[in-house]
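The block underneath contains the structure these notes are about, expressed in structure tokens.
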Amino acid sequence: MKIVLLIVTLILAGCSSVEFNSNMGGFVKNKVENTVKKGSVKSYTNTEVWELGASQVGYVETNYCQKDFRDREPSKSSLISSLKIKAQKLGGNALVFDSCIVNNSTASCHSHTKCRGMAYLVE
């Protein structure tokens, strides 16, 4: 019995300095930050931001290249979420979505999508 206890103790002592490193922490951190950022930005129309007296922060755009026809196209809501994150990074808390343009005749992409919007700061 003493030998078994000694062996278990040695095994545990040998494994006590083992570390497991992963890049999952960075991924999770970025995912949480982006969720918080896009959650702090609301969508408005041009009329609404004008009535609220919002100040323009800057132009935002996002691009997506569908390399192969079998690749999944992003949803419009995911592209708008990307615009919201960029608006928050500029210091805005409001987004006026402008448009998404899909171009099917590019050399490097099967389909190229570009979405645009304007970031505002609503006081």
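Following the order of the structure tokens, chains are lettered A, B, ..., residues in each are numbered from 1, and ligands are numbered from 1.
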Please provide as a short mmCIF file (atom, residue, chain, number, x, y, z; two decimals) with all heavy atoms, in the first residue's frame all residues within 10 Å of segment 106-122 of chain A, with the sequence filter that same-chain residues fewer than 6 positions apart are discarded (counting only C-alpha atoms).
```
data_model
loop_
_atom_site.label_atom_id
_atom_site.label_comp_id
_atom_site.auth_asym_id
_atom_site.auth_seq_id
_atom_site.Cartn_x
_atom_site.Cartn_y
_atom_site.Cartn_z
N VAL A 41 -23.82 49.65 -30.32
CA VAL A 41 -24.14 50.48 -31.49
C VAL A 41 -25.53 50.13 -31.98
O VAL A 41 -25.84 48.97 -32.22
CB VAL A 41 -23.10 50.25 -32.61
CG1 VAL A 41 -23.46 51.04 -33.85
CG2 VAL A 41 -21.71 50.62 -32.14
N LYS A 42 -26.38 51.15 -32.11
CA LYS A 42 -27.75 50.94 -32.59
C LYS A 42 -27.87 51.40 -34.04
O LYS A 42 -27.17 52.30 -34.48
CB LYS A 42 -28.73 51.74 -31.73
CG LYS A 42 -28.84 51.23 -30.32
CD LYS A 42 -29.90 51.99 -29.57
CE LYS A 42 -29.99 51.48 -28.13
NZ LYS A 42 -31.00 52.20 -27.37
N SER A 43 -28.79 50.78 -34.75
CA SER A 43 -29.06 51.16 -36.14
C SER A 43 -30.14 52.23 -36.18
O SER A 43 -31.14 52.15 -35.44
CB SER A 43 -29.52 49.94 -36.94
OG SER A 43 -28.48 49.00 -37.05
N TYR A 44 -29.94 53.21 -37.02
CA TYR A 44 -30.89 54.30 -37.21
C TYR A 44 -31.07 54.57 -38.69
O TYR A 44 -30.27 54.12 -39.51
CB TYR A 44 -30.38 55.59 -36.55
CG TYR A 44 -30.32 55.56 -35.05
CD1 TYR A 44 -29.15 55.25 -34.38
CD2 TYR A 44 -31.45 55.84 -34.29
CE1 TYR A 44 -29.09 55.22 -33.00
CE2 TYR A 44 -31.40 55.82 -32.90
CZ TYR A 44 -30.22 55.51 -32.27
OH TYR A 44 -30.17 55.49 -30.89
N ASN A 46 -31.48 57.76 -41.65
CA ASN A 46 -30.94 59.11 -41.81
C ASN A 46 -31.81 60.13 -41.09
O ASN A 46 -31.30 61.07 -40.46
CB ASN A 46 -30.83 59.48 -43.29
CG ASN A 46 -29.61 58.86 -43.94
OD1 ASN A 46 -28.54 58.81 -43.34
ND2 ASN A 46 -29.77 58.38 -45.16
N VAL A 49 -31.23 59.98 -37.13
CA VAL A 49 -30.00 60.61 -36.63
C VAL A 49 -30.04 62.12 -36.80
O VAL A 49 -29.49 62.86 -35.99
CB VAL A 49 -28.71 60.03 -37.27
CG1 VAL A 49 -28.49 58.61 -36.86
CG2 VAL A 49 -28.69 60.18 -38.75
N TRP A 50 -30.70 62.60 -37.83
CA TRP A 50 -30.85 64.04 -38.02
C TRP A 50 -31.71 64.64 -36.91
O TRP A 50 -31.38 65.67 -36.34
CB TRP A 50 -31.47 64.33 -39.39
CG TRP A 50 -31.60 65.78 -39.67
CD1 TRP A 50 -30.62 66.65 -40.04
CD2 TRP A 50 -32.81 66.54 -39.60
NE1 TRP A 50 -31.13 67.91 -40.20
CE2 TRP A 50 -32.48 67.87 -39.93
CE3 TRP A 50 -34.13 66.23 -39.29
CZ2 TRP A 50 -33.42 68.88 -39.96
CZ3 TRP A 50 -35.06 67.25 -39.33
CH2 TRP A 50 -34.71 68.55 -39.66
N LEU A 52 -32.14 63.40 -33.94
CA LEU A 52 -31.42 63.27 -32.67
C LEU A 52 -30.23 64.23 -32.57
O LEU A 52 -29.63 64.36 -31.51
CB LEU A 52 -30.92 61.84 -32.49
CG LEU A 52 -31.99 60.78 -32.27
CD1 LEU A 52 -31.40 59.38 -32.38
CD2 LEU A 52 -32.66 60.97 -30.92
N GLY A 53 -29.89 64.88 -33.66
CA GLY A 53 -28.76 65.81 -33.66
C GLY A 53 -27.42 65.11 -33.52
O GLY A 53 -26.49 65.63 -32.91
N ALA A 54 -27.31 63.94 -34.10
CA ALA A 54 -26.09 63.14 -33.99
C ALA A 54 -24.97 63.77 -34.81
O ALA A 54 -25.21 64.40 -35.83
CB ALA A 54 -26.35 61.72 -34.46
N SER A 55 -23.75 63.57 -34.34
CA SER A 55 -22.60 64.06 -35.09
C SER A 55 -21.96 62.89 -35.84
O SER A 55 -21.82 61.78 -35.31
CB SER A 55 -21.59 64.73 -34.17
OG SER A 55 -21.20 63.84 -33.15
N GLN A 56 -21.54 63.18 -37.06
CA GLN A 56 -20.95 62.16 -37.92
C GLN A 56 -19.55 61.83 -37.44
O GLN A 56 -18.72 62.71 -37.21
CB GLN A 56 -20.92 62.71 -39.34
CG GLN A 56 -20.83 61.71 -40.41
CD GLN A 56 -20.97 62.35 -41.77
OE1 GLN A 56 -20.26 63.29 -42.08
NE2 GLN A 56 -21.89 61.83 -42.57
N VAL A 57 -19.27 60.53 -37.30
CA VAL A 57 -17.95 60.08 -36.84
C VAL A 57 -17.09 59.64 -38.02
O VAL A 57 -15.91 59.94 -38.08
CB VAL A 57 -18.09 58.93 -35.82
CG1 VAL A 57 -16.74 58.40 -35.41
CG2 VAL A 57 -18.87 59.40 -34.61
N GLY A 58 -17.68 58.92 -38.95
CA GLY A 58 -16.91 58.47 -40.11
C GLY A 58 -17.63 57.42 -40.93
O GLY A 58 -18.66 56.88 -40.54
N TYR A 59 -17.05 57.15 -42.05
CA TYR A 59 -17.55 56.19 -43.02
C TYR A 59 -17.01 54.81 -42.66
O TYR A 59 -15.84 54.67 -42.34
CB TYR A 59 -17.08 56.64 -44.40
CG TYR A 59 -17.40 55.73 -45.53
CD1 TYR A 59 -18.68 55.67 -46.05
CD2 TYR A 59 -16.43 54.94 -46.11
CE1 TYR A 59 -18.98 54.85 -47.10
CE2 TYR A 59 -16.71 54.11 -47.17
CZ TYR A 59 -17.99 54.07 -47.66
OH TYR A 59 -18.29 53.24 -48.70
N VAL A 60 -17.86 53.79 -42.70
CA VAL A 60 -17.43 52.41 -42.44
C VAL A 60 -17.85 51.51 -43.59
O VAL A 60 -18.90 51.74 -44.21
CB VAL A 60 -18.01 51.86 -41.10
CG1 VAL A 60 -17.38 52.55 -39.92
CG2 VAL A 60 -19.51 51.98 -41.04
N GLU A 61 -17.02 50.54 -43.87
CA GLU A 61 -17.36 49.55 -44.89
C GLU A 61 -16.74 48.22 -44.53
O GLU A 61 -15.77 48.15 -43.78
CB GLU A 61 -16.93 50.00 -46.28
CG GLU A 61 -15.46 49.96 -46.55
CD GLU A 61 -15.11 50.34 -47.99
OE1 GLU A 61 -15.87 51.07 -48.64
OE2 GLU A 61 -14.06 49.89 -48.45
N THR A 62 -17.35 47.17 -45.06
CA THR A 62 -16.84 45.83 -44.85
C THR A 62 -16.92 45.07 -46.17
O THR A 62 -17.80 45.35 -46.99
CB THR A 62 -17.61 45.09 -43.73
OG1 THR A 62 -16.96 43.88 -43.42
CG2 THR A 62 -19.05 44.83 -44.10
N ASN A 63 -16.01 44.16 -46.36
CA ASN A 63 -15.93 43.40 -47.61
C ASN A 63 -15.94 41.91 -47.31
O ASN A 63 -15.44 41.47 -46.28
CB ASN A 63 -14.62 43.71 -48.34
CG ASN A 63 -14.56 45.13 -48.82
OD1 ASN A 63 -15.30 45.51 -49.70
ND2 ASN A 63 -13.67 45.91 -48.22
N TYR A 64 -16.50 41.16 -48.25
CA TYR A 64 -16.45 39.71 -48.16
C TYR A 64 -16.21 39.15 -49.55
O TYR A 64 -16.91 39.51 -50.51
CB TYR A 64 -17.75 39.13 -47.59
CG TYR A 64 -17.74 37.62 -47.60
CD1 TYR A 64 -17.01 36.92 -46.65
CD2 TYR A 64 -18.42 36.91 -48.57
CE1 TYR A 64 -16.96 35.53 -46.67
CE2 TYR A 64 -18.38 35.52 -48.59
CZ TYR A 64 -17.65 34.85 -47.64
OH TYR A 64 -17.60 33.47 -47.66
N CYS A 65 -15.23 38.27 -49.66
CA CYS A 65 -14.89 37.62 -50.93
C CYS A 65 -15.27 36.15 -50.85
O CYS A 65 -14.71 35.41 -50.04
CB CYS A 65 -13.39 37.78 -51.21
SG CYS A 65 -12.81 36.88 -52.66
N GLN A 66 -16.20 35.74 -51.66
CA GLN A 66 -16.56 34.32 -51.75
C GLN A 66 -15.63 33.71 -52.79
O GLN A 66 -15.80 33.92 -53.98
CB GLN A 66 -18.03 34.17 -52.15
CG GLN A 66 -18.48 32.74 -52.22
CD GLN A 66 -19.90 32.59 -52.74
OE1 GLN A 66 -20.45 33.49 -53.36
NE2 GLN A 66 -20.49 31.44 -52.48
N LYS A 67 -14.63 32.98 -52.33
CA LYS A 67 -13.58 32.46 -53.22
C LYS A 67 -14.09 31.36 -54.16
O LYS A 67 -13.67 31.26 -55.29
CB LYS A 67 -12.42 31.93 -52.40
CG LYS A 67 -11.78 32.99 -51.56
CD LYS A 67 -10.31 33.03 -51.81
CE LYS A 67 -9.68 34.07 -50.91
NZ LYS A 67 -9.17 35.18 -51.64
N ASP A 68 -15.01 30.54 -53.68
CA ASP A 68 -15.51 29.42 -54.46
C ASP A 68 -17.04 29.43 -54.37
O ASP A 68 -17.60 29.82 -53.36
CB ASP A 68 -14.94 28.11 -53.91
CG ASP A 68 -15.25 26.93 -54.80
OD1 ASP A 68 -14.68 26.85 -55.90
OD2 ASP A 68 -16.09 26.10 -54.38
N PHE A 69 -17.70 28.98 -55.41
CA PHE A 69 -19.16 29.01 -55.42
C PHE A 69 -19.76 28.12 -54.34
O PHE A 69 -20.90 28.30 -53.95
CB PHE A 69 -19.71 28.62 -56.80
CG PHE A 69 -19.55 27.16 -57.14
CD1 PHE A 69 -20.58 26.27 -56.88
CD2 PHE A 69 -18.39 26.69 -57.73
CE1 PHE A 69 -20.45 24.93 -57.19
CE2 PHE A 69 -18.25 25.36 -58.05
CZ PHE A 69 -19.27 24.48 -57.77
N ARG A 70 -18.97 27.17 -53.82
CA ARG A 70 -19.46 26.29 -52.76
C ARG A 70 -19.34 26.91 -51.38
O ARG A 70 -19.89 26.40 -50.41
CB ARG A 70 -18.72 24.96 -52.79
CG ARG A 70 -19.01 24.15 -54.04
CD ARG A 70 -18.10 22.99 -54.11
NE ARG A 70 -16.76 23.50 -54.40
CZ ARG A 70 -15.83 22.84 -55.04
NH1 ARG A 70 -16.06 21.61 -55.44
NH2 ARG A 70 -14.66 23.36 -55.28
N ASP A 71 -18.58 28.01 -51.27
CA ASP A 71 -18.43 28.69 -49.98
C ASP A 71 -19.73 29.34 -49.57
O ASP A 71 -20.52 29.77 -50.42
CB ASP A 71 -17.33 29.76 -50.04
CG ASP A 71 -15.95 29.18 -50.22
OD1 ASP A 71 -15.79 27.97 -49.97
OD2 ASP A 71 -15.05 29.93 -50.62
N GLU A 73 -22.13 32.17 -48.29
CA GLU A 73 -22.18 33.63 -48.32
C GLU A 73 -22.60 34.13 -46.94
O GLU A 73 -23.42 33.51 -46.28
CB GLU A 73 -23.19 34.10 -49.36
CG GLU A 73 -22.74 33.87 -50.78
CD GLU A 73 -23.68 34.49 -51.78
OE1 GLU A 73 -24.17 35.61 -51.53
OE2 GLU A 73 -23.93 33.84 -52.81
N PRO A 74 -22.05 35.27 -46.52
CA PRO A 74 -22.43 35.80 -45.21
C PRO A 74 -23.84 36.38 -45.27
O PRO A 74 -24.30 36.83 -46.32
CB PRO A 74 -21.40 36.90 -44.95
CG PRO A 74 -21.03 37.36 -46.32
CD PRO A 74 -21.08 36.14 -47.18
N LYS A 76 -26.76 39.15 -44.39
CA LYS A 76 -26.77 40.61 -44.33
C LYS A 76 -26.60 41.08 -42.89
O LYS A 76 -25.90 42.05 -42.62
CB LYS A 76 -28.07 41.16 -44.92
CG LYS A 76 -28.11 42.66 -45.03
CD LYS A 76 -29.39 43.12 -45.70
CE LYS A 76 -29.49 44.62 -45.74
NZ LYS A 76 -30.73 45.06 -46.37
N LEU A 79 -22.93 41.02 -41.86
CA LEU A 79 -22.20 42.13 -42.46
C LEU A 79 -22.51 43.44 -41.74
O LEU A 79 -21.62 44.25 -41.51
CB LEU A 79 -22.53 42.23 -43.95
CG LEU A 79 -22.01 41.07 -44.80
CD1 LEU A 79 -22.64 41.09 -46.18
CD2 LEU A 79 -20.51 41.08 -44.90
N ILE A 80 -23.76 43.63 -41.34
CA ILE A 80 -24.14 44.83 -40.59
C ILE A 80 -23.49 44.79 -39.20
O ILE A 80 -23.05 45.82 -38.69
CB ILE A 80 -25.67 44.97 -40.51
CG1 ILE A 80 -26.21 45.31 -41.91
CG2 ILE A 80 -26.08 46.04 -39.51
CD1 ILE A 80 -27.71 45.34 -42.02
N SER A 82 -20.61 43.55 -38.53
CA SER A 82 -19.23 43.96 -38.78
C SER A 82 -19.14 45.48 -38.91
O SER A 82 -18.20 46.11 -38.40
CB SER A 82 -18.72 43.29 -40.04
OG SER A 82 -17.42 43.72 -40.35
N LEU A 83 -20.12 46.09 -39.56
CA LEU A 83 -20.15 47.56 -39.67
C LEU A 83 -20.32 48.21 -38.30
O LEU A 83 -19.71 49.25 -38.01
CB LEU A 83 -21.28 48.00 -40.61
CG LEU A 83 -21.12 47.69 -42.09
CD1 LEU A 83 -22.39 48.07 -42.85
CD2 LEU A 83 -19.91 48.40 -42.66
N LYS A 84 -21.14 47.61 -37.45
CA LYS A 84 -21.36 48.15 -36.11
C LYS A 84 -20.07 48.10 -35.28
O LYS A 84 -19.77 49.04 -34.54
CB LYS A 84 -22.46 47.37 -35.39
CG LYS A 84 -23.85 47.69 -35.90
CD LYS A 84 -24.89 46.91 -35.12
CE LYS A 84 -26.29 47.30 -35.51
NZ LYS A 84 -27.31 46.61 -34.72
N LYS A 86 -17.03 48.21 -36.45
CA LYS A 86 -16.15 49.25 -36.98
C LYS A 86 -16.61 50.64 -36.56
O LYS A 86 -15.79 51.52 -36.28
CB LYS A 86 -16.07 49.13 -38.50
CG LYS A 86 -15.31 47.90 -38.94
CD LYS A 86 -15.21 47.78 -40.43
CE LYS A 86 -14.42 46.52 -40.77
NZ LYS A 86 -14.04 46.46 -42.16
N ALA A 87 -17.93 50.84 -36.49
CA ALA A 87 -18.46 52.14 -36.03
C ALA A 87 -18.07 52.40 -34.58
O ALA A 87 -17.67 53.51 -34.22
CB ALA A 87 -19.98 52.16 -36.18
N GLN A 88 -18.13 51.38 -33.75
CA GLN A 88 -17.77 51.54 -32.34
C GLN A 88 -16.28 51.81 -32.21
O GLN A 88 -15.85 52.61 -31.39
CB GLN A 88 -18.17 50.30 -31.55
CG GLN A 88 -18.24 50.49 -30.06
CD GLN A 88 -16.89 50.45 -29.37
OE1 GLN A 88 -15.98 49.79 -29.84
NE2 GLN A 88 -16.77 51.15 -28.27
N LYS A 89 -15.46 51.17 -33.03
CA LYS A 89 -14.01 51.40 -32.99
C LYS A 89 -13.67 52.83 -33.38
O LYS A 89 -12.65 53.36 -32.96
CB LYS A 89 -13.29 50.41 -33.89
CG LYS A 89 -13.24 49.00 -33.32
CD LYS A 89 -12.50 48.05 -34.23
CE LYS A 89 -12.47 46.65 -33.63
NZ LYS A 89 -11.81 45.68 -34.52
N LEU A 90 -14.52 53.46 -34.19
CA LEU A 90 -14.32 54.87 -34.56
C LEU A 90 -14.81 55.82 -33.46
O LEU A 90 -14.58 57.01 -33.55
CB LEU A 90 -15.05 55.20 -35.86
CG LEU A 90 -14.44 54.69 -37.15
CD1 LEU A 90 -15.35 55.02 -38.33
CD2 LEU A 90 -13.06 55.28 -37.37
N GLY A 91 -15.50 55.28 -32.47
CA GLY A 91 -16.01 56.11 -31.38
C GLY A 91 -17.49 56.42 -31.50
O GLY A 91 -18.02 57.27 -30.78
N GLY A 92 -18.18 55.75 -32.39
CA GLY A 92 -19.60 55.99 -32.59
C GLY A 92 -20.47 55.04 -31.80
O GLY A 92 -20.00 54.00 -31.32
N ASN A 93 -21.73 55.41 -31.66
CA ASN A 93 -22.69 54.52 -31.00
C ASN A 93 -23.95 54.35 -31.84
O ASN A 93 -24.96 53.85 -31.37
CB ASN A 93 -23.04 55.03 -29.60
CG ASN A 93 -23.66 56.40 -29.62
OD1 ASN A 93 -23.88 56.99 -30.67
ND2 ASN A 93 -23.97 56.92 -28.44
N ALA A 94 -23.87 54.80 -33.10
CA ALA A 94 -25.01 54.69 -34.02
C ALA A 94 -24.49 54.38 -35.41
O ALA A 94 -23.39 54.79 -35.79
CB ALA A 94 -25.81 55.98 -34.03
N LEU A 95 -25.30 53.65 -36.17
CA LEU A 95 -24.94 53.30 -37.54
C LEU A 95 -26.14 53.54 -38.44
O LEU A 95 -27.25 53.12 -38.12
CB LEU A 95 -24.53 51.83 -37.63
CG LEU A 95 -24.30 51.29 -39.04
CD1 LEU A 95 -23.00 51.84 -39.62
CD2 LEU A 95 -24.28 49.77 -39.06
N VAL A 96 -25.88 54.21 -39.54
CA VAL A 96 -26.88 54.31 -40.60
C VAL A 96 -26.36 53.44 -41.73
O VAL A 96 -25.35 53.75 -42.37
CB VAL A 96 -27.09 55.77 -41.07
CG1 VAL A 96 -28.03 55.80 -42.26
CG2 VAL A 96 -27.63 56.62 -39.95
N PHE A 97 -27.05 52.32 -41.94
CA PHE A 97 -26.66 51.38 -42.99
C PHE A 97 -27.03 51.97 -44.34
O PHE A 97 -28.14 52.47 -44.54
CB PHE A 97 -27.39 50.04 -42.77
CG PHE A 97 -27.20 49.07 -43.89
CD1 PHE A 97 -25.99 48.44 -44.07
CD2 PHE A 97 -28.24 48.80 -44.76
CE1 PHE A 97 -25.81 47.54 -45.10
CE2 PHE A 97 -28.08 47.89 -45.78
CZ PHE A 97 -26.85 47.27 -45.96
N ASP A 98 -26.09 51.92 -45.27
CA ASP A 98 -26.32 52.49 -46.59
C ASP A 98 -26.73 51.41 -47.58
O ASP A 98 -27.87 51.38 -48.04
CB ASP A 98 -25.07 53.23 -47.06
CG ASP A 98 -25.24 53.88 -48.42
OD1 ASP A 98 -26.38 54.23 -48.77
OD2 ASP A 98 -24.23 54.04 -49.13
N SER A 99 -25.80 50.52 -47.91
CA SER A 99 -26.11 49.51 -48.92
C SER A 99 -25.09 48.39 -48.92
O SER A 99 -24.02 48.52 -48.35
CB SER A 99 -26.14 50.16 -50.31
OG SER A 99 -24.85 50.65 -50.63
N CYS A 100 -25.46 47.32 -49.60
CA CYS A 100 -24.54 46.23 -49.91
C CYS A 100 -24.56 46.03 -51.41
O CYS A 100 -25.62 45.96 -52.02
CB CYS A 100 -24.96 44.93 -49.23
SG CYS A 100 -24.57 44.82 -47.49
#
```
Next item on the list: Determine which residues of segment 30-97 of chain A DSSP labels as strand (DSSP E) from the backbone of this structure, then write them out as a ChimeraX atom specification.
Entry: /A:42-43,55-66,94-97
